[in-house]
$ cat entry-v9.csv   # CSV, C-alpha atoms
chain,number,residue,atom,x,y,z
D,5,MET,CA,-19.9,-51.4,10.3
D,6,ASP,CA,-18.2,-50.4,7.1
D,7,LEU,CA,-15.0,-49.0,5.8
D,8,SER,CA,-15.2,-46.6,2.9
D,9,THR,CA,-12.7,-44.6,0.9
D,10,ASN,CA,-14.5,-41.6,-0.4
D,11,ILE,CA,-17.1,-40.9,2.3
D,12,THR,CA,-16.2,-37.3,2.9
D,13,THR,CA,-17.3,-36.1,-0.6
D,14,GLU,CA,-20.7,-34.6,0.0
D,15,GLY,CA,-23.5,-35.2,-2.5
D,16,LEU,CA,-25.3,-32.4,-4.2
D,17,ARG,CA,-28.4,-31.0,-2.6
D,18,ASN,CA,-30.7,-29.6,-5.2
D,19,CYS,CA,-34.3,-30.1,-3.8
D,20,ASN,CA,-36.4,-28.9,-0.9
D,21,PHE,CA,-39.7,-30.4,0.1
D,22,PRO,CA,-42.2,-29.6,2.8
D,23,VAL,CA,-42.3,-31.7,6.0
D,24,ALA,CA,-45.2,-31.6,8.5
D,25,ASN,CA,-44.3,-29.9,11.7
D,26,GLN,CA,-40.6,-29.5,10.8
D,27,GLU,CA,-38.4,-27.3,8.7
D,28,ALA,CA,-38.4,-28.2,5.0
D,29,GLY,CA,-36.5,-31.3,4.0
D,30,GLU,CA,-33.4,-31.1,1.8
D,31,GLY,CA,-32.3,-33.7,-0.7
D,32,TYR,CA,-31.0,-34.8,-4.0
D,33,LEU,CA,-33.4,-35.2,-6.9
D,34,SER,CA,-31.7,-37.0,-9.7
D,35,PRO,CA,-31.9,-35.2,-13.1
D,36,GLU,CA,-31.7,-38.5,-15.0
D,37,CYS,CA,-35.4,-39.2,-15.3
D,38,SER,CA,-37.2,-36.2,-13.9
D,39,GLU,CA,-40.5,-36.7,-15.7
D,40,SER,CA,-41.2,-40.4,-14.8
D,41,GLN,CA,-44.6,-41.3,-13.2
D,42,ASN,CA,-42.8,-43.9,-11.1
D,43,GLY,CA,-40.8,-42.6,-8.2
D,44,ILE,CA,-38.3,-43.9,-5.7
D,45,VAL,CA,-37.4,-42.5,-2.3
D,46,LEU,CA,-33.8,-43.7,-1.6
D,47,ILE,CA,-32.4,-43.5,1.9
D,48,GLN,CA,-28.7,-43.0,2.6
D,49,GLU,CA,-26.3,-45.2,4.6
D,50,TRP,CA,-25.1,-44.2,8.0
D,51,TRP,CA,-22.4,-42.0,6.5
D,52,GLY,CA,-24.9,-39.3,5.4
D,53,MET,CA,-25.8,-38.0,2.0
D,54,ASN,CA,-22.4,-38.3,0.2
D,55,LYS,CA,-21.5,-38.5,-3.4
D,56,SER,CA,-21.7,-42.3,-3.4
D,57,ILE,CA,-25.4,-42.3,-2.5
D,58,THR,CA,-26.3,-39.7,-5.1
D,59,LEU,CA,-24.5,-41.8,-7.7
D,60,THR,CA,-26.6,-44.7,-6.6
D,61,ALA,CA,-29.7,-42.6,-7.0
D,62,ASP,CA,-28.7,-41.8,-10.6
D,63,LYS,CA,-28.2,-45.5,-11.3
D,64,PHE,CA,-31.8,-46.1,-10.3
D,65,ALA,CA,-33.1,-43.1,-12.2
D,66,LYS,CA,-31.5,-44.2,-15.4
D,67,HIS,CA,-33.8,-47.2,-15.3
D,68,GLY,CA,-36.8,-45.0,-15.6
D,69,PHE,CA,-37.6,-43.7,-12.1
D,70,LYS,CA,-37.8,-40.2,-10.6
D,71,VAL,CA,-35.5,-40.6,-7.6
D,72,LEU,CA,-35.3,-38.4,-4.5
D,73,CYS,CA,-32.7,-39.0,-1.8
D,74,PRO,CA,-33.6,-37.0,1.3
D,75,ASP,CA,-30.8,-35.8,3.5
D,76,MET,CA,-31.5,-37.5,6.9
D,77,TYR,CA,-28.6,-35.7,8.6
D,78,ARG,CA,-29.4,-32.2,7.2
D,79,GLY,CA,-26.0,-31.5,5.8
D,80,LYS,CA,-23.8,-33.6,8.1
D,81,VAL,CA,-21.6,-36.3,6.7
D,82,GLY,CA,-19.5,-38.8,8.8
D,83,LYS,CA,-15.8,-38.8,8.0
D,84,ASN,CA,-15.1,-42.1,9.7
D,85,ASN,CA,-16.9,-45.0,11.4
D,86,GLU,CA,-17.0,-43.2,14.8
D,87,GLU,CA,-18.6,-40.1,13.3
D,88,ALA,CA,-21.1,-42.1,11.2
D,89,GLY,CA,-22.0,-44.2,14.3
D,90,HIS,CA,-22.5,-41.0,16.3
D,91,LEU,CA,-24.7,-39.4,13.6
D,92,MET,CA,-26.9,-42.6,13.3
D,93,SER,CA,-27.2,-43.1,17.1
D,94,ASN,CA,-28.4,-39.5,17.5
D,95,LEU,CA,-30.9,-39.6,14.6
D,96,ASP,CA,-34.5,-38.9,15.8
D,97,TRP,CA,-36.2,-41.8,14.1
D,98,ILE,CA,-39.7,-40.4,14.6
D,99,ASN,CA,-38.8,-37.2,12.8
D,100,ALA,CA,-36.8,-39.1,10.2
D,101,LEU,CA,-39.7,-41.3,9.3
D,102,GLN,CA,-41.8,-38.2,8.8
D,103,VAL,CA,-39.1,-36.8,6.4
D,104,ILE,CA,-39.2,-40.0,4.4
D,105,LYS,CA,-43.0,-40.0,4.3
D,106,SER,CA,-42.9,-36.4,3.2
D,107,ALA,CA,-40.4,-37.2,0.4
D,108,GLY,CA,-42.8,-39.7,-0.9
D,109,GLU,CA,-45.7,-37.2,-0.8
D,110,PHE,CA,-43.5,-34.7,-2.7
D,111,LEU,CA,-42.9,-37.2,-5.5
D,112,ARG,CA,-46.7,-38.0,-5.7
D,113,LYS,CA,-47.5,-34.3,-5.9
D,114,SER,CA,-44.9,-33.8,-8.6
D,115,GLY,CA,-46.6,-36.4,-10.9
D,116,CYS,CA,-45.6,-39.8,-9.7
D,117,GLN,CA,-48.5,-42.4,-9.7
D,118,LYS,CA,-46.4,-45.0,-7.9
D,119,VAL,CA,-43.7,-44.4,-5.3
D,120,PHE,CA,-41.3,-47.0,-4.0
D,121,LEU,CA,-38.9,-47.0,-1.1
D,122,THR,CA,-35.3,-48.3,-0.8
D,123,GLY,CA,-32.3,-47.7,1.4
D,124,PHE,CA,-28.9,-49.1,2.5
D,125,CYS,CA,-27.5,-50.0,5.9
D,126,MET,CA,-29.2,-47.4,8.2
D,127,GLY,CA,-31.4,-46.6,5.2
D,128,GLY,CA,-32.5,-50.3,4.9
D,129,ALA,CA,-33.6,-50.2,8.6
D,130,LEU,CA,-35.4,-46.9,8.0
D,131,THR,CA,-37.1,-48.4,5.0
D,132,ILE,CA,-38.5,-51.2,7.1
D,133,ALA,CA,-39.4,-48.8,9.9
D,134,THR,CA,-41.2,-46.5,7.5
D,135,ILE,CA,-43.5,-49.1,5.9
D,136,SER,CA,-44.2,-50.5,9.4
D,137,THR,CA,-45.3,-47.0,10.5
D,138,PHE,CA,-47.0,-45.6,7.4
D,139,GLY,CA,-48.4,-48.8,5.8
D,140,ASP,CA,-50.1,-47.3,2.8
D,141,ASP,CA,-47.7,-44.6,1.8
D,142,PHE,CA,-45.4,-46.6,-0.5
D,143,ASP,CA,-46.2,-49.1,-3.3
D,144,GLY,CA,-43.2,-51.4,-2.7
D,145,ALA,CA,-40.1,-51.5,-0.6
D,146,ALA,CA,-36.5,-52.9,-1.1
D,147,PRO,CA,-34.4,-52.6,2.1
D,148,PHE,CA,-30.7,-53.5,1.8
D,149,TYR,CA,-28.8,-55.0,4.8
D,150,GLY,CA,-30.4,-53.2,7.7
D,151,VAL,CA,-33.2,-54.2,10.2
D,152,PRO,CA,-34.6,-51.9,12.9
D,153,ASP,CA,-35.8,-53.1,16.3
D,154,LEU,CA,-38.8,-55.2,15.3
D,155,THR,CA,-40.3,-54.9,18.8
D,156,LYS,CA,-40.7,-51.1,18.1
D,157,PHE,CA,-41.9,-51.3,14.5
D,158,ASP,CA,-44.8,-53.7,13.6
D,159,LEU,CA,-44.3,-55.2,10.2
D,160,GLY,CA,-47.9,-56.2,10.3
D,161,ASN,CA,-48.8,-52.6,9.3
D,162,ALA,CA,-46.8,-52.9,6.1
D,163,LYS,CA,-49.2,-53.1,3.1
D,164,CYS,CA,-46.7,-53.2,0.2
D,165,ALA,CA,-44.6,-56.0,-1.2
D,166,ILE,CA,-41.0,-56.2,0.2
D,167,LEU,CA,-37.8,-57.4,-1.5
D,168,ALA,CA,-35.1,-57.5,1.2
D,169,HIS,CA,-31.4,-57.8,0.2
D,170,PHE,CA,-28.7,-59.2,2.5
D,171,GLY,CA,-25.2,-60.7,2.1
D,172,ASP,CA,-24.3,-64.1,3.5
D,173,LEU,CA,-20.9,-62.9,4.8
D,174,ASP,CA,-22.4,-59.9,6.7
D,175,LYS,CA,-21.2,-60.0,10.3
D,176,ALA,CA,-23.2,-57.1,11.7
D,177,GLN,CA,-24.9,-59.2,14.4
D,178,GLY,CA,-28.4,-58.1,15.3
D,179,PHE,CA,-28.6,-55.6,12.4
D,180,SER,CA,-27.9,-57.3,9.1
D,181,ASP,CA,-26.2,-60.7,9.5
D,182,PRO,CA,-27.9,-63.8,8.0
D,183,THR,CA,-29.5,-64.8,11.3
D,184,THR,CA,-31.1,-61.3,11.6
D,185,ALA,CA,-32.2,-61.4,7.9
D,186,LYS,CA,-33.8,-64.8,8.4
D,187,ASN,CA,-35.6,-63.6,11.5
D,188,LEU,CA,-36.9,-60.7,9.5
D,189,GLU,CA,-38.2,-63.1,7.0
D,190,LYS,CA,-40.0,-65.2,9.7
D,191,VAL,CA,-41.5,-62.1,11.3
D,192,ALA,CA,-42.7,-60.8,8.0
D,193,THR,CA,-44.2,-64.2,7.0
D,194,ASP,CA,-45.9,-64.5,10.4
D,195,LYS,CA,-47.4,-61.1,10.0
D,196,GLY,CA,-48.8,-61.9,6.6
D,197,CYS,CA,-46.4,-59.7,4.6
D,198,LYS,CA,-45.7,-60.3,0.9
D,199,PHE,CA,-42.0,-60.7,1.6
D,200,THR,CA,-39.0,-62.0,-0.4
D,201,LEU,CA,-35.6,-62.5,1.1
D,202,ARG,CA,-32.7,-62.2,-1.3
D,203,MET,CA,-29.6,-63.6,0.3
D,204,TRP,CA,-26.6,-62.9,-1.9
D,205,GLU,CA,-23.8,-65.4,-1.8
D,206,ASN,CA,-20.2,-64.5,-1.0
D,207,VAL,CA,-20.9,-60.8,-0.4
D,208,ASP,CA,-20.5,-58.7,2.8
D,209,HIS,CA,-22.3,-55.7,4.3
D,210,ALA,CA,-22.3,-52.6,2.0
D,211,PHE,CA,-21.8,-54.6,-1.2
D,212,MET,CA,-23.8,-52.0,-3.0
D,213,ASN,CA,-21.5,-49.1,-2.0
D,214,GLN,CA,-19.0,-48.4,-4.7
D,215,ASP,CA,-16.7,-46.5,-2.2
D,216,SER,CA,-16.6,-49.4,0.2
D,217,GLN,CA,-13.8,-52.0,0.5
D,218,ARG,CA,-16.7,-54.5,0.5
D,219,TYR,CA,-18.2,-53.4,-2.8
D,220,ASN,CA,-19.0,-56.3,-5.1
D,221,SER,CA,-19.7,-54.9,-8.6
D,222,ASP,CA,-21.2,-58.1,-9.9
D,223,ALA,CA,-23.7,-58.6,-7.0
D,224,ALA,CA,-24.4,-54.8,-6.9
D,225,ALA,CA,-25.4,-54.7,-10.6
D,226,LYS,CA,-27.6,-57.8,-10.3
D,227,ALA,CA,-29.2,-56.6,-7.1
D,228,LEU,CA,-30.0,-53.2,-8.7
D,229,SER,CA,-31.4,-54.9,-11.7
D,230,GLU,CA,-33.6,-57.2,-9.6
D,231,THR,CA,-34.9,-54.3,-7.5
D,232,VAL,CA,-35.7,-52.3,-10.7
D,233,GLU,CA,-37.7,-55.2,-12.1
D,234,PHE,CA,-39.4,-55.8,-8.7
D,235,PHE,CA,-40.6,-52.2,-8.7
D,236,LYS,CA,-41.6,-52.3,-12.3
D,237,THR,CA,-43.8,-55.3,-11.6
D,238,LEU,CA,-45.6,-53.2,-9.0
D,239,ALA,CA,-45.9,-50.1,-11.2
$ encode --input "entry-v9.csv" --output "structure tokens"
Amino acid sequence: MDLSTNITTEGLRNCNFPVANQEAGEGYLSPECSESQNGIVLIQEWWGMNKSITLTADKFAKHGFKVLCPDMYRGKVGKNNEEAGHLMSNLDWINALQVIKSAGEFLRKSGCQKVFLTGFCMGGALTIATISTFGDDFDGAAPFYGVPDLTKFDLGNAKCAILAHFGDLDKAQGFSDPTTAKNLEKVATDKGCKFTLRMWENVDHAFMNQDSQRYNSDAAAKALSETVEFFKTLA
């Protein structure tokens, strides 16, 4: 799905939070804006919680958000495509969604009045799955280039506004290619969701990942800015 150059560098884990019926969740809580009343739960790519994703969390935090990145693999990081694919395919999505929900609850209990959700690749698909499962738990969602099986997750349950980012050169068929993105838009519209599709021109999958060969710095900066403004309009 993606080729990255610095995927084995693990990100810092500096935060624990309670998860119902599971062991406590682990994650990275950005120190950049720790007192904000607006929070973001940011979900990793299929690689795991590496340094790249924590740097992305810091970028969002510098725009005025308290950002928590839960570790969905609980300490494991894929070193190559094969390992990352294995980790993602073995992820228990029901438990993962509970971890994401609990991360949002942790931010609210720590002072956030509004909590938003975003994620990349696998994290984008988990973002859509989460708001389709726990419709009232997040105040806005911005999934990046990832769609779950929409026959298993009913977008009609999503109550928040959605800004979905995809690249028009993405070739991950059935997951994040333009056809899949446009199908997501149709399903969301048919379900009555407040949905905006942002199709970025001349960019590929993982264009937000600074360690990826497909990273596009210009599109990444603009997409981050648009997502920040989107969340701020909902705050």
$ residues_around --input "entry-v9.csv" --residues "D:Thr131" --least-positions-apart "4" --cutoff "7 Å" --atoms "all atoms listed in the file" --output "PyMOL selection string"
chain D and resi 121-123+127+135+147
$ write_last_selection --input "entry-v9.csv" --atoms "C-alpha atoms" --output "mmCIF file, in the coordinates of the input"
data_model
loop_
_atom_site.group_PDB
_atom_site.id
_atom_site.type_symbol
_atom_site.label_atom_id
_atom_site.label_comp_id
_atom_site.auth_asym_id
_atom_site.auth_seq_id
_atom_site.Cartn_x
_atom_site.Cartn_y
_atom_site.Cartn_z
ATOM 1 C CA LEU D 121 -38.900 -47.000 -1.100
ATOM 2 C CA THR D 122 -35.300 -48.300 -0.800
ATOM 3 C CA GLY D 123 -32.300 -47.700 1.400
ATOM 4 C CA GLY D 127 -31.400 -46.600 5.200
ATOM 5 C CA ILE D 135 -43.500 -49.100 5.900
ATOM 6 C CA PRO D 147 -34.400 -52.600 2.100
#
$ closest_residue --input "entry-v9.csv" --among "D:Gly89, D:Gly144, D:Gly68, D:Gly139" --to "D:Lys118" --atoms "only C-alpha atoms"
D:Gly144
$ closest_residue --input "entry-v9.csv" --among "D:Lys70, D:His90, D:Arg78, D:Lys156" --to "D:Gln117" --atoms "only C-alpha atoms"
D:Lys70
$ closest_residue --input "entry-v9.csv" --among "D:Phe120, D:Phe142, D:Tyr149, D:Phe179" --to "D:Phe64" --atoms "only C-alpha atoms"
D:Phe120
$ residues_around --input "entry-v9.csv" --residues "D:Ser34" --least-positions-apart "2" --cutoff "7 Å" --atoms "all atoms listed in the file" --output "ChimeraX atom specification"
/D:32,36,38,61-62,65,70-72
$ atom_distance --input "entry-v9.csv" --atom1 "atom CA of D:Ser40" --atom2 "atom CA of D:Gly108"
14.0 Å
$ atom_distance --input "entry-v9.csv" --atom1 "atom CA of D:Thr200" --atom2 "atom CA of D:Leu111"
25.6 Å
$ closest_residue --input "entry-v9.csv" --among "D:Gly171, D:Gly160, D:Gly43, D:Pro74" --to "D:Phe235" --atoms "only C-alpha atoms"
D:Gly43
$ atom_distance --input "entry-v9.csv" --atom1 "atom CA of D:Ala146" --atom2 "atom CA of D:Lys195"
17.6 Å
$ closest_residue --input "entry-v9.csv" --among "D:Leu95, D:Leu101, D:Ala129, D:Ala210" --to "D:Ser56" --atoms "all atoms listed in the file"
D:Ala210
$ closest_residue --input "entry-v9.csv" --among "D:Ala100, D:Ala192, D:Cys197, D:Ala133" --to "D:Gln26" --atoms "only C-alpha atoms"
D:Ala100
$ residues_around --input "entry-v9.csv" --residues "stretch 18-23 of chain D" --least-positions-apart "6" --cutoff "8 Å" --atoms "all atoms listed in the file" --output "PyMOL selection string"
chain D and resi 29-33+102-103+106-107+110
$ write_last_selection --input "entry-v9.csv" --atoms "C-alpha atoms" --output "PDB file, in the frame of the given file"
ATOM      1  CA  GLY D  29     -36.500 -31.300   4.000  1.00  0.00           C
ATOM      2  CA  GLU D  30     -33.400 -31.100   1.800  1.00  0.00           C
ATOM      3  CA  GLY D  31     -32.300 -33.700  -0.700  1.00  0.00           C
ATOM      4  CA  TYR D  32     -31.000 -34.800  -4.000  1.00  0.00           C
ATOM      5  CA  LEU D  33     -33.400 -35.200  -6.900  1.00  0.00           C
ATOM      6  CA  GLN D 102     -41.800 -38.200   8.800  1.00  0.00           C
ATOM      7  CA  VAL D 103     -39.100 -36.800   6.400  1.00  0.00           C
ATOM      8  CA  SER D 106     -42.900 -36.400   3.200  1.00  0.00           C
ATOM      9  CA  ALA D 107     -40.400 -37.200   0.400  1.00  0.00           C
ATOM     10  CA  PHE D 110     -43.500 -34.700  -2.700  1.00  0.00           C
TER      11      PHE D 110
END
